[in-house]
$ cat query_27.pdb   # PDB, C-alpha atoms, pLDDT in the B column
ATOM      1  CA  MET A 422      45.625  16.464  19.285  1.00 94.00           C
ATOM      2  CA  LEU A 423      47.067  14.196  16.611  1.00 96.00           C
ATOM      3  CA  PRO A 424      50.854  13.599  16.635  1.00 95.00           C
ATOM      4  CA  MET A 425      52.215  14.091  13.121  1.00 95.00           C
ATOM      5  CA  THR A 426      55.968  14.037  13.661  1.00 94.00           C
ATOM      6  CA  ALA A 427      58.590  14.540  16.346  1.00 93.00           C
ATOM      7  CA  GLY A 428      61.775  16.526  16.596  1.00 91.00           C
ATOM      8  CA  SER A 429      64.752  17.435  18.727  1.00 95.00           C
ATOM      9  CA  ILE A 430      65.540  20.777  20.289  1.00 96.00           C
ATOM     10  CA  VAL A 431      69.236  21.527  19.978  1.00 97.00           C
ATOM     11  CA  LEU A 432      71.660  24.041  21.407  1.00 98.00           C
ATOM     12  CA  GLY A 433      73.184  25.728  18.392  1.00 98.00           C
ATOM     13  CA  TYR A 434      76.368  27.723  18.946  1.00 98.00           C
ATOM     14  CA  ASN A 435      78.759  30.000  17.061  1.00 98.00           C
ATOM     15  CA  LEU A 436      82.341  29.114  17.932  1.00 97.00           C
ATOM     16  CA  PRO A 437      84.160  28.430  14.647  1.00 95.00           C
ATOM     17  CA  GLU A 438      87.255  27.302  16.535  1.00 93.00           C
ATOM     18  CA  VAL A 439      85.415  24.627  18.565  1.00 97.00           C
ATOM     19  CA  LYS A 440      83.947  21.485  17.027  1.00 93.00           C
ATOM     20  CA  ASP A 441      81.971  18.782  18.844  1.00 95.00           C
ATOM     21  CA  LEU A 442      81.346  20.854  21.966  1.00 98.00           C
ATOM     22  CA  LYS A 443      80.121  18.740  24.879  1.00 98.00           C
ATOM     23  CA  LEU A 444      77.865  20.270  27.530  1.00 98.00           C
ATOM     24  CA  SER A 445      76.924  18.604  30.792  1.00 98.00           C
ATOM     25  CA  ARG A 446      73.406  18.972  32.171  1.00 98.00           C
ATOM     26  CA  GLU A 447      74.664  21.344  34.860  1.00 98.00           C
ATOM     27  CA  ALA A 448      76.595  23.417  32.314  1.00 98.00           C
ATOM     28  CA  TYR A 449      73.772  24.102  29.891  1.00 98.00           C
ATOM     29  CA  VAL A 450      71.346  24.900  32.713  1.00 98.00           C
ATOM     30  CA  ASP A 451      73.848  27.358  34.192  1.00 98.00           C
ATOM     31  CA  ILE A 452      74.524  28.964  30.800  1.00 98.00           C
ATOM     32  CA  PHE A 453      70.836  29.787  30.381  1.00 98.00           C
ATOM     33  CA  MET A 454      70.629  30.753  34.050  1.00 98.00           C
ATOM     34  CA  GLY A 455      73.369  33.332  33.451  1.00 98.00           C
ATOM     35  CA  LYS A 456      75.770  31.701  35.917  1.00 98.00           C
ATOM     36  CA  ILE A 457      78.264  30.614  33.258  1.00 98.00           C
ATOM     37  CA  THR A 458      79.264  33.633  31.183  1.00 98.00           C
ATOM     38  CA  LYS A 459      82.534  32.643  29.465  1.00 98.00           C
ATOM     39  CA  TRP A 460      83.227  29.802  27.038  1.00 98.00           C
ATOM     40  CA  ASN A 461      86.372  28.760  28.929  1.00 98.00           C
ATOM     41  CA  ASP A 462      84.472  28.322  32.205  1.00 98.00           C
ATOM     42  CA  PRO A 463      85.755  25.302  34.206  1.00 98.00           C
ATOM     43  CA  ALA A 464      82.347  23.578  33.955  1.00 98.00           C
ATOM     44  CA  ILE A 465      82.634  23.586  30.153  1.00 98.00           C
ATOM     45  CA  ALA A 466      86.362  22.800  30.120  1.00 98.00           C
ATOM     46  CA  LYS A 467      85.749  19.754  32.328  1.00 98.00           C
ATOM     47  CA  THR A 468      83.756  17.947  29.631  1.00 98.00           C
ATOM     48  CA  ASN A 469      85.989  19.119  26.756  1.00 98.00           C
ATOM     49  CA  PRO A 470      89.515  18.020  27.720  1.00 97.00           C
ATOM     50  CA  GLY A 471      92.185  19.036  25.241  1.00 95.00           C
ATOM     51  CA  VAL A 472      89.917  21.572  23.547  1.00 97.00           C
ATOM     52  CA  ASN A 473      91.213  25.154  23.360  1.00 96.00           C
ATOM     53  CA  LEU A 474      88.114  26.975  24.611  1.00 97.00           C
ATOM     54  CA  PRO A 475      88.258  30.734  23.959  1.00 97.00           C
ATOM     55  CA  ASP A 476      88.126  33.365  26.683  1.00 97.00           C
ATOM     56  CA  LYS A 477      85.025  34.730  25.038  1.00 97.00           C
ATOM     57  CA  LYS A 478      81.703  36.006  26.357  1.00 98.00           C
ATOM     58  CA  ILE A 479      78.703  33.700  25.949  1.00 98.00           C
ATOM     59  CA  THR A 480      75.738  35.445  24.340  1.00 98.00           C
ATOM     60  CA  VAL A 481      72.525  33.584  25.143  1.00 98.00           C
ATOM     61  CA  ILE A 482      69.744  33.937  22.573  1.00 98.00           C
ATOM     62  CA  HIS A 483      66.163  32.950  23.366  1.00 98.00           C
ATOM     63  CA  ARG A 484      62.763  33.316  21.764  1.00 97.00           C
ATOM     64  CA  SER A 485      61.077  36.700  22.175  1.00 96.00           C
ATOM     65  CA  ASP A 486      57.670  35.368  21.095  1.00 96.00           C
ATOM     66  CA  GLY A 487      55.425  32.776  22.708  1.00 96.00           C
ATOM     67  CA  SER A 488      56.660  29.414  21.530  1.00 94.00           C
ATOM     68  CA  GLY A 489      56.065  25.692  21.859  1.00 93.00           C
ATOM     69  CA  THR A 490      59.834  25.276  21.417  1.00 95.00           C
ATOM     70  CA  THR A 491      60.367  27.455  24.502  1.00 97.00           C
ATOM     71  CA  SER A 492      57.753  25.444  26.404  1.00 96.00           C
ATOM     72  CA  VAL A 493      59.457  22.118  25.671  1.00 96.00           C
ATOM     73  CA  PHE A 494      62.950  23.458  26.384  1.00 97.00           C
ATOM     74  CA  THR A 495      62.003  25.102  29.685  1.00 98.00           C
ATOM     75  CA  GLN A 496      60.015  22.031  30.778  1.00 97.00           C
ATOM     76  CA  HIS A 497      63.176  19.994  30.245  1.00 97.00           C
ATOM     77  CA  LEU A 498      65.312  22.476  32.217  1.00 98.00           C
ATOM     78  CA  ALA A 499      62.762  22.537  35.053  1.00 98.00           C
ATOM     79  CA  THR A 500      62.759  18.718  35.124  1.00 97.00           C
ATOM     80  CA  ILE A 501      66.530  18.356  35.428  1.00 98.00           C
ATOM     81  CA  SER A 502      67.197  21.413  37.631  1.00 98.00           C
ATOM     82  CA  PRO A 503      65.297  22.255  40.840  1.00 98.00           C
ATOM     83  CA  ALA A 504      66.984  25.685  40.751  1.00 98.00           C
ATOM     84  CA  TRP A 505      65.548  26.391  37.292  1.00 98.00           C
ATOM     85  CA  ALA A 506      62.121  25.103  38.333  1.00 98.00           C
ATOM     86  CA  GLY A 507      62.100  27.394  41.365  1.00 98.00           C
ATOM     87  CA  LYS A 508      63.481  30.544  39.759  1.00 97.00           C
ATOM     88  CA  VAL A 509      62.303  30.468  36.134  1.00 98.00           C
ATOM     89  CA  GLY A 510      59.807  27.637  35.656  1.00 98.00           C
ATOM     90  CA  SER A 511      58.411  26.647  32.277  1.00 97.00           C
ATOM     91  CA  GLY A 512      55.969  27.853  29.663  1.00 97.00           C
ATOM     92  CA  LYS A 513      55.615  29.303  26.178  1.00 97.00           C
ATOM     93  CA  THR A 514      57.116  32.491  27.587  1.00 97.00           C
ATOM     94  CA  VAL A 515      59.300  32.852  30.687  1.00 98.00           C
ATOM     95  CA  ASP A 516      61.240  35.630  32.372  1.00 97.00           C
ATOM     96  CA  TRP A 517      64.695  34.731  31.075  1.00 98.00           C
ATOM     97  CA  PRO A 518      67.543  35.306  33.578  1.00 98.00           C
ATOM     98  CA  THR A 519      69.906  36.320  30.762  1.00 98.00           C
ATOM     99  CA  GLY A 520      70.217  36.773  27.024  1.00 97.00           C
ATOM    100  CA  VAL A 521      68.633  38.568  24.086  1.00 97.00           C
ATOM    101  CA  GLY A 522      65.405  37.688  22.310  1.00 97.00           C
ATOM    102  CA  ALA A 523      64.724  36.832  18.673  1.00 97.00           C
ATOM    103  CA  LYS A 524      61.448  36.013  16.950  1.00 96.00           C
ATOM    104  CA  GLY A 525      60.796  32.517  15.636  1.00 94.00           C
ATOM    105  CA  ASN A 526      63.214  29.660  15.041  1.00 91.00           C
ATOM    106  CA  GLU A 527      64.306  31.496  11.889  1.00 93.00           C
ATOM    107  CA  GLY A 528      65.141  34.634  13.901  1.00 95.00           C
ATOM    108  CA  VAL A 529      67.063  32.633  16.488  1.00 96.00           C
ATOM    109  CA  THR A 530      69.144  30.789  13.888  1.00 94.00           C
ATOM    110  CA  ALA A 531      69.896  34.091  12.123  1.00 95.00           C
ATOM    111  CA  GLN A 532      71.108  35.575  15.426  1.00 96.00           C
ATOM    112  CA  ILE A 533      73.354  32.574  16.076  1.00 97.00           C
ATOM    113  CA  LEU A 534      75.001  33.001  12.676  1.00 96.00           C
ATOM    114  CA  GLN A 535      75.488  36.741  13.218  1.00 97.00           C
ATOM    115  CA  THR A 536      76.800  36.607  16.798  1.00 97.00           C
ATOM    116  CA  ASP A 537      80.271  35.301  17.615  1.00 97.00           C
ATOM    117  CA  GLY A 538      80.064  33.363  20.898  1.00 98.00           C
ATOM    118  CA  ALA A 539      76.301  32.856  20.719  1.00 98.00           C
ATOM    119  CA  ILE A 540      74.302  29.887  21.980  1.00 98.00           C
ATOM    120  CA  ALA A 541      70.574  29.319  21.550  1.00 98.00           C
ATOM    121  CA  TYR A 542      67.922  26.636  21.606  1.00 98.00           C
ATOM    122  CA  THR A 543      66.170  25.914  18.322  1.00 96.00           C
ATOM    123  CA  GLU A 544      64.585  23.095  16.363  1.00 93.00           C
ATOM    124  CA  TYR A 545      67.072  20.603  14.955  1.00 94.00           C
ATOM    125  CA  GLY A 546      65.654  21.061  11.440  1.00 90.00           C
ATOM    126  CA  TYR A 547      66.482  24.775  11.398  1.00 91.00           C
ATOM    127  CA  ALA A 548      70.018  24.219  12.687  1.00 93.00           C
ATOM    128  CA  LYS A 549      70.569  21.436  10.151  1.00 91.00           C
ATOM    129  CA  GLN A 550      69.355  23.536   7.212  1.00 90.00           C
ATOM    130  CA  GLN A 551      71.578  26.474   8.259  1.00 93.00           C
ATOM    131  CA  ASN A 552      74.590  24.218   8.954  1.00 94.00           C
ATOM    132  CA  ILE A 553      74.853  25.488  12.533  1.00 96.00           C
ATOM    133  CA  SER A 554      77.076  23.614  14.993  1.00 97.00           C
ATOM    134  CA  THR A 555      75.088  21.924  17.760  1.00 97.00           C
ATOM    135  CA  ALA A 556      76.300  20.896  21.197  1.00 98.00           C
ATOM    136  CA  ILE A 557      76.580  17.253  22.229  1.00 98.00           C
ATOM    137  CA  LEU A 558      74.388  17.078  25.330  1.00 98.00           C
ATOM    138  CA  GLN A 559      74.604  14.856  28.379  1.00 98.00           C
ATOM    139  CA  ASN A 560      71.497  12.716  28.892  1.00 97.00           C
ATOM    140  CA  LYS A 561      69.900  11.218  31.995  1.00 96.00           C
ATOM    141  CA  SER A 562      72.194   8.189  31.774  1.00 96.00           C
ATOM    142  CA  GLY A 563      75.249  10.443  31.870  1.00 97.00           C
ATOM    143  CA  GLN A 564      76.139   9.818  28.222  1.00 97.00           C
ATOM    144  CA  PHE A 565      76.958  12.600  25.754  1.00 98.00           C
ATOM    145  CA  VAL A 566      74.728  12.244  22.697  1.00 97.00           C
ATOM    146  CA  PRO A 567      74.805  14.330  19.493  1.00 97.00           C
ATOM    147  CA  ALA A 568      71.481  15.292  17.934  1.00 93.00           C
ATOM    148  CA  SER A 569      70.362  12.898  15.208  1.00 91.00           C
ATOM    149  CA  SER A 570      67.187  11.254  13.992  1.00 87.00           C
ATOM    150  CA  GLN A 571      68.427   7.942  15.400  1.00 89.00           C
ATOM    151  CA  ALA A 572      69.094   9.350  18.887  1.00 91.00           C
ATOM    152  CA  ALA A 573      65.727  11.132  18.917  1.00 89.00           C
ATOM    153  CA  ALA A 574      63.972   7.907  17.897  1.00 88.00           C
ATOM    154  CA  LYS A 575      65.561   6.257  20.947  1.00 88.00           C
ATOM    155  CA  SER A 576      64.019   8.995  23.084  1.00 90.00           C
ATOM    156  CA  LEU A 577      60.549   8.302  21.658  1.00 86.00           C
ATOM    157  CA  GLN A 578      60.925   4.664  22.633  1.00 83.00           C
ATOM    158  CA  ALA A 579      61.291   5.736  26.273  1.00 75.00           C
ATOM    159  CA  VAL A 580      57.682   6.936  26.546  1.00 81.00           C
ATOM    160  CA  LYS A 581      54.354   5.209  25.940  1.00 85.00           C
ATOM    161  CA  LEU A 582      51.751   7.287  24.128  1.00 87.00           C
ATOM    162  CA  PRO A 583      48.547   7.420  26.242  1.00 90.00           C
ATOM    163  CA  GLU A 584      45.001   7.211  24.897  1.00 90.00           C
ATOM    164  CA  ASN A 585      44.697  11.006  24.524  1.00 93.00           C
ATOM    165  CA  LEU A 586      47.903  10.969  22.406  1.00 94.00           C
ATOM    166  CA  ARG A 587      49.621  13.582  24.594  1.00 91.00           C
ATOM    167  CA  ALA A 588      53.034  12.504  25.818  1.00 87.00           C
ATOM    168  CA  PHE A 589      55.785  14.849  26.941  1.00 87.00           C
ATOM    169  CA  ILE A 590      59.306  13.436  26.880  1.00 89.00           C
ATOM    170  CA  LEU A 591      60.855  15.622  29.557  1.00 92.00           C
ATOM    171  CA  ASP A 592      64.012  13.627  30.343  1.00 95.00           C
ATOM    172  CA  PRO A 593      64.196  10.344  28.429  1.00 93.00           C
ATOM    173  CA  THR A 594      66.011   7.314  29.755  1.00 89.00           C
ATOM    174  CA  GLY A 595      68.352   5.152  27.722  1.00 89.00           C
ATOM    175  CA  ALA A 596      72.078   5.421  27.086  1.00 93.00           C
ATOM    176  CA  ASP A 597      71.594   6.410  23.429  1.00 94.00           C
ATOM    177  CA  ALA A 598      68.621   8.770  23.915  1.00 94.00           C
ATOM    178  CA  TYR A 599      68.955  12.442  22.977  1.00 96.00           C
ATOM    179  CA  PRO A 600      67.705  14.447  25.984  1.00 97.00           C
ATOM    180  CA  ILE A 601      65.348  17.056  24.437  1.00 97.00           C
ATOM    181  CA  VAL A 602      62.720  15.581  22.098  1.00 95.00           C
ATOM    182  CA  THR A 603      59.056  16.377  21.528  1.00 93.00           C
ATOM    183  CA  TYR A 604      56.092  15.289  19.470  1.00 93.00           C
ATOM    184  CA  THR A 605      54.393  17.879  17.263  1.00 92.00           C
ATOM    185  CA  TRP A 606      50.619  17.757  17.006  1.00 93.00           C
ATOM    186  CA  ILE A 607      47.836  18.799  14.657  1.00 94.00           C
ATOM    187  CA  LEU A 608      44.822  20.290  16.444  1.00 95.00           C
ATOM    188  CA  ALA A 609      41.645  18.911  14.894  1.00 95.00           C
ATOM    189  CA  TYR A 610      37.924  19.265  15.490  1.00 95.00           C
ATOM    190  CA  LYS A 611      36.162  16.131  16.759  1.00 94.00           C
ATOM    191  CA  LYS A 612      33.242  16.854  14.422  1.00 96.00           C
ATOM    192  CA  TYR A 613      33.033  18.565  11.026  1.00 96.00           C
ATOM    193  CA  ASP A 614      29.760  19.954   9.686  1.00 95.00           C
ATOM    194  CA  ASP A 615      30.928  19.884   6.082  1.00 96.00           C
ATOM    195  CA  PRO A 616      31.431  16.316   4.706  1.00 95.00           C
ATOM    196  CA  ALA A 617      33.731  17.626   1.958  1.00 97.00           C
ATOM    197  CA  LYS A 618      36.013  19.301   4.518  1.00 96.00           C
ATOM    198  CA  LEU A 619      36.014  16.129   6.616  1.00 97.00           C
ATOM    199  CA  GLN A 620      37.028  14.021   3.621  1.00 96.00           C
ATOM    200  CA  ALA A 621      39.743  16.496   2.586  1.00 97.00           C
ATOM    201  CA  PHE A 622      41.107  16.692   6.142  1.00 97.00           C
ATOM    202  CA  LYS A 623      41.231  12.921   6.595  1.00 97.00           C
ATOM    203  CA  GLY A 624      42.855  12.517   3.198  1.00 97.00           C
ATOM    204  CA  ALA A 625      45.596  15.001   4.067  1.00 97.00           C
ATOM    205  CA  MET A 626      46.204  13.452   7.489  1.00 97.00           C
ATOM    206  CA  ASN A 627      46.347   9.899   6.123  1.00 96.00           C
ATOM    207  CA  TRP A 628      48.907  11.036   3.549  1.00 97.00           C
ATOM    208  CA  ALA A 629      50.942  12.714   6.312  1.00 97.00           C
ATOM    209  CA  LEU A 630      50.889   9.508   8.360  1.00 97.00           C
ATOM    210  CA  THR A 631      52.024   7.316   5.446  1.00 96.00           C
ATOM    211  CA  ASP A 632      53.908   8.755   2.455  1.00 96.00           C
ATOM    212  CA  GLY A 633      54.487  12.051   4.252  1.00 96.00           C
ATOM    213  CA  GLN A 634      56.603  10.374   6.932  1.00 95.00           C
ATOM    214  CA  LYS A 635      59.245   9.648   4.284  1.00 94.00           C
ATOM    215  CA  PHE A 636      60.142  13.355   4.207  1.00 94.00           C
ATOM    216  CA  SER A 637      60.759  13.615   7.964  1.00 91.00           C
ATOM    217  CA  GLU A 638      64.481  12.973   8.146  1.00 88.00           C
ATOM    218  CA  GLU A 639      65.546  15.262   5.292  1.00 88.00           C
ATOM    219  CA  LEU A 640      63.652  18.093   7.006  1.00 88.00           C
ATOM    220  CA  GLY A 641      65.281  17.369  10.376  1.00 86.00           C
ATOM    221  CA  TYR A 642      62.366  15.535  11.997  1.00 90.00           C
ATOM    222  CA  ILE A 643      61.683  11.974  13.116  1.00 89.00           C
ATOM    223  CA  PRO A 644      59.355   9.480  11.423  1.00 90.00           C
ATOM    224  CA  LEU A 645      56.633   8.350  13.815  1.00 92.00           C
ATOM    225  CA  PRO A 646      57.004   4.785  15.127  1.00 88.00           C
ATOM    226  CA  PRO A 647      54.508   2.375  13.491  1.00 90.00           C
ATOM    227  CA  THR A 648      52.701   1.860  16.813  1.00 88.00           C
ATOM    228  CA  VAL A 649      52.129   5.621  17.103  1.00 91.00           C
ATOM    229  CA  VAL A 650      50.931   5.871  13.478  1.00 94.00           C
ATOM    230  CA  GLN A 651      48.345   3.184  14.190  1.00 94.00           C
ATOM    231  CA  LYS A 652      47.084   4.988  17.305  1.00 94.00           C
ATOM    232  CA  VAL A 653      46.760   8.255  15.394  1.00 95.00           C
ATOM    233  CA  LYS A 654      44.910   6.518  12.551  1.00 96.00           C
ATOM    234  CA  THR A 655      42.464   5.063  15.065  1.00 95.00           C
ATOM    235  CA  ALA A 656      41.846   8.522  16.540  1.00 95.00           C
ATOM    236  CA  LEU A 657      41.457   9.933  13.019  1.00 96.00           C
ATOM    237  CA  ASP A 658      38.810   7.303  12.226  1.00 95.00           C
ATOM    238  CA  GLY A 659      36.804   8.557  15.210  1.00 94.00           C
ATOM    239  CA  ILE A 660      36.503  12.079  13.778  1.00 96.00           C
ATOM    240  CA  GLN A 661      33.078  12.522  12.157  1.00 94.00           C
TER     241      GLN A 661
END
$ encode --input "query_27.pdb" --output "structure tokens"
Amino acid sequence: MLPMTAGSIVLGYNLPEVKDLKLSREAYVDIFMGKITKWNDPAIAKTNPGVNLPDKKITVIHRSDGSGTTSVFTQHLATISPAWAGKVGSGKTVDWPTGVGAKGNEGVTAQILQTDGAIAYTEYGYAKQQNISTAILQNKSGQFVPASSQAAAKSLQAVKLPENLRAFILDPTGADAYPIVTYTWILAYKKYDDPAKLQAFKGAMNWALTDGQKFSEELGYIPLPPTVVQKVKTALDGIQ
């Protein structure tokens, strides 16, 4: 597993009348648990003083297909909420307590845009490209942090990548860290029988780790820290 980039998972919402929505950890867990069903719920109003929250039903949208995005999001919820861990748990698919399903990040973002009062988890890049409003989430330090490449980079700094290059950033520390961030990996063979394929693969991966990183931010992802790039290059050198 070779990390190639990293990205945030955001909570996109469709409330044209509400900008810069802030959600506490308890609030966004309870929304996806089905306990908070209206946008003017006291738990949401508490962190949005002075904001005219509508008396409108919350429509939760989740992935209907097996998804790494779902796995990362539910791992985060299970980490911050014992109730979620006990009732729902985590995985590529879970038995959602509430909401309607949509296929793929593209299906989820389309549903957000079509559904007044909707909220859903999706990759930051998809929300950015579709100009979808995203909630400002409370992190482990109690700070409310909007999704950005800079805030996600702070989250990466909170975890040390082990020798097997698998690190899961379930609830990052740091006042400026965005709370839901994950690496994305390429799955590679340890040995290739065809020297031409090996050379082509290594060439593509080396480009992705160098010049390719320059495209990360415009696509809504995070350039890998130099220390991580070096570790991945070392692992790449070991593939024969």
$ atom_distance --input "query_27.pdb" --atom1 "CA of Leu591 in chain A" --atom2 "CA of Val439 in chain A"
28.4 Å
$ residues_near_point --input "query_27.pdb" --point "(46.9, 14.3, 15.6)" --cutoff "6 Å" --atoms "only C-alpha atoms" --output "ChimeraX atom specification"
/A:422-425,606-607
$ closest_residue --input "query_27.pdb" --among "A:Pro644, A:Gly487, A:Ala573, A:Val649" --to "Ala598 in chain A" --atoms "all atoms listed in the file"
A:Ala573
$ resolve_selection --input "query_27.pdb" --expression "the PyMOL selection byres ((chain A and resi 650) around 12)" --output "VMD selection string"
chain A and resid 423 to 427 582 586 626 to 634 644 to 649 651 to 657
$ atom_distance --input "query_27.pdb" --atom1 "CA of Val515 in chain A" --atom2 "CA of Leu534 in chain A"
23.9 Å
$ closest_residue --input "query_27.pdb" --among "A:Ile452, A:Lys478, A:Asp486, A:Lys623" --to "Asp516 in chain A" --atoms "only C-alpha atoms"
A:Asp486
$ atom_distance --input "query_27.pdb" --atom1 "CA of Asn526 in chain A" --atom2 "CA of Ala504 in chain A"
26.3 Å
$ build_atoms --input "query_27.pdb" --residues "range 651-659 of chain A" --atoms "all heavy atoms" --output "JSON list (two decimals), in the frame of the given file"
[["chain", "number", "residue", "atom", "x", "y", "z"],
["A", 651, "GLN", "N", 49.59, 3.93, 14.07],
["A", 651, "GLN", "CA", 48.34, 3.18, 14.19],
["A", 651, "GLN", "C", 47.39, 3.83, 15.19],
["A", 651, "GLN", "O", 46.18, 3.91, 14.96],
["A", 651, "GLN", "CB", 48.63, 1.73, 14.60],
["A", 651, "GLN", "CG", 47.42, 0.81, 14.49],
["A", 651, "GLN", "CD", 46.77, 0.86, 13.11],
["A", 651, "GLN", "OE1", 47.44, 0.65, 12.10],
["A", 651, "GLN", "NE2", 45.48, 1.16, 13.06],
["A", 652, "LYS", "N", 47.93, 4.31, 16.30],
["A", 652, "LYS", "CA", 47.08, 4.99, 17.30],
["A", 652, "LYS", "C", 46.47, 6.27, 16.74],
["A", 652, "LYS", "O", 45.31, 6.58, 16.99],
["A", 652, "LYS", "CB", 47.91, 5.32, 18.56],
["A", 652, "LYS", "CG", 48.13, 4.14, 19.48],
["A", 652, "LYS", "CD", 48.73, 4.59, 20.80],
["A", 652, "LYS", "CE", 48.80, 3.44, 21.80],
["A", 652, "LYS", "NZ", 49.26, 3.87, 23.13],
["A", 653, "VAL", "N", 47.26, 7.01, 15.97],
["A", 653, "VAL", "CA", 46.76, 8.26, 15.39],
["A", 653, "VAL", "C", 45.70, 7.96, 14.34],
["A", 653, "VAL", "O", 44.67, 8.64, 14.26],
["A", 653, "VAL", "CB", 47.91, 9.08, 14.78],
["A", 653, "VAL", "CG1", 47.37, 10.37, 14.16],
["A", 653, "VAL", "CG2", 48.94, 9.43, 15.85],
["A", 654, "LYS", "N", 45.92, 6.91, 13.55],
["A", 654, "LYS", "CA", 44.91, 6.52, 12.55],
["A", 654, "LYS", "C", 43.60, 6.13, 13.22],
["A", 654, "LYS", "O", 42.52, 6.47, 12.71],
["A", 654, "LYS", "CB", 45.44, 5.36, 11.70],
["A", 654, "LYS", "CG", 46.44, 5.78, 10.64],
["A", 654, "LYS", "CD", 46.77, 4.61, 9.72],
["A", 654, "LYS", "CE", 47.63, 5.03, 8.53],
["A", 654, "LYS", "NZ", 47.89, 3.90, 7.62],
["A", 655, "THR", "N", 43.67, 5.45, 14.34],
["A", 655, "THR", "CA", 42.46, 5.06, 15.06],
["A", 655, "THR", "C", 41.71, 6.30, 15.56],
["A", 655, "THR", "O", 40.50, 6.39, 15.44],
["A", 655, "THR", "CB", 42.82, 4.17, 16.27],
["A", 655, "THR", "OG1", 43.46, 2.98, 15.77],
["A", 655, "THR", "CG2", 41.59, 3.77, 17.06],
["A", 656, "ALA", "N", 42.46, 7.27, 16.08],
["A", 656, "ALA", "CA", 41.85, 8.52, 16.54],
["A", 656, "ALA", "C", 41.25, 9.29, 15.35],
["A", 656, "ALA", "O", 40.16, 9.88, 15.47],
["A", 656, "ALA", "CB", 42.88, 9.38, 17.25],
["A", 657, "LEU", "N", 41.93, 9.25, 14.23],
["A", 657, "LEU", "CA", 41.46, 9.93, 13.02],
["A", 657, "LEU", "C", 40.14, 9.32, 12.54],
["A", 657, "LEU", "O", 39.22, 10.04, 12.12],
["A", 657, "LEU", "CB", 42.52, 9.85, 11.93],
["A", 657, "LEU", "CG", 42.36, 10.72, 10.69],
["A", 657, "LEU", "CD1", 42.36, 12.20, 11.05],
["A", 657, "LEU", "CD2", 43.50, 10.42, 9.70],
["A", 658, "ASP", "N", 40.04, 8.00, 12.62],
["A", 658, "ASP", "CA", 38.81, 7.30, 12.23],
["A", 658, "ASP", "C", 37.62, 7.73, 13.06],
["A", 658, "ASP", "O", 36.47, 7.67, 12.60],
["A", 658, "ASP", "CB", 38.99, 5.78, 12.34],
["A", 658, "ASP", "CG", 39.93, 5.23, 11.25],
["A", 658, "ASP", "OD1", 40.13, 5.93, 10.25],
["A", 658, "ASP", "OD2", 40.45, 4.11, 11.44],
["A", 659, "GLY", "N", 37.88, 8.17, 14.31],
["A", 659, "GLY", "CA", 36.80, 8.56, 15.21],
["A", 659, "GLY", "C", 36.27, 9.96, 14.96],
["A", 659, "GLY", "O", 35.24, 10.36, 15.54]]
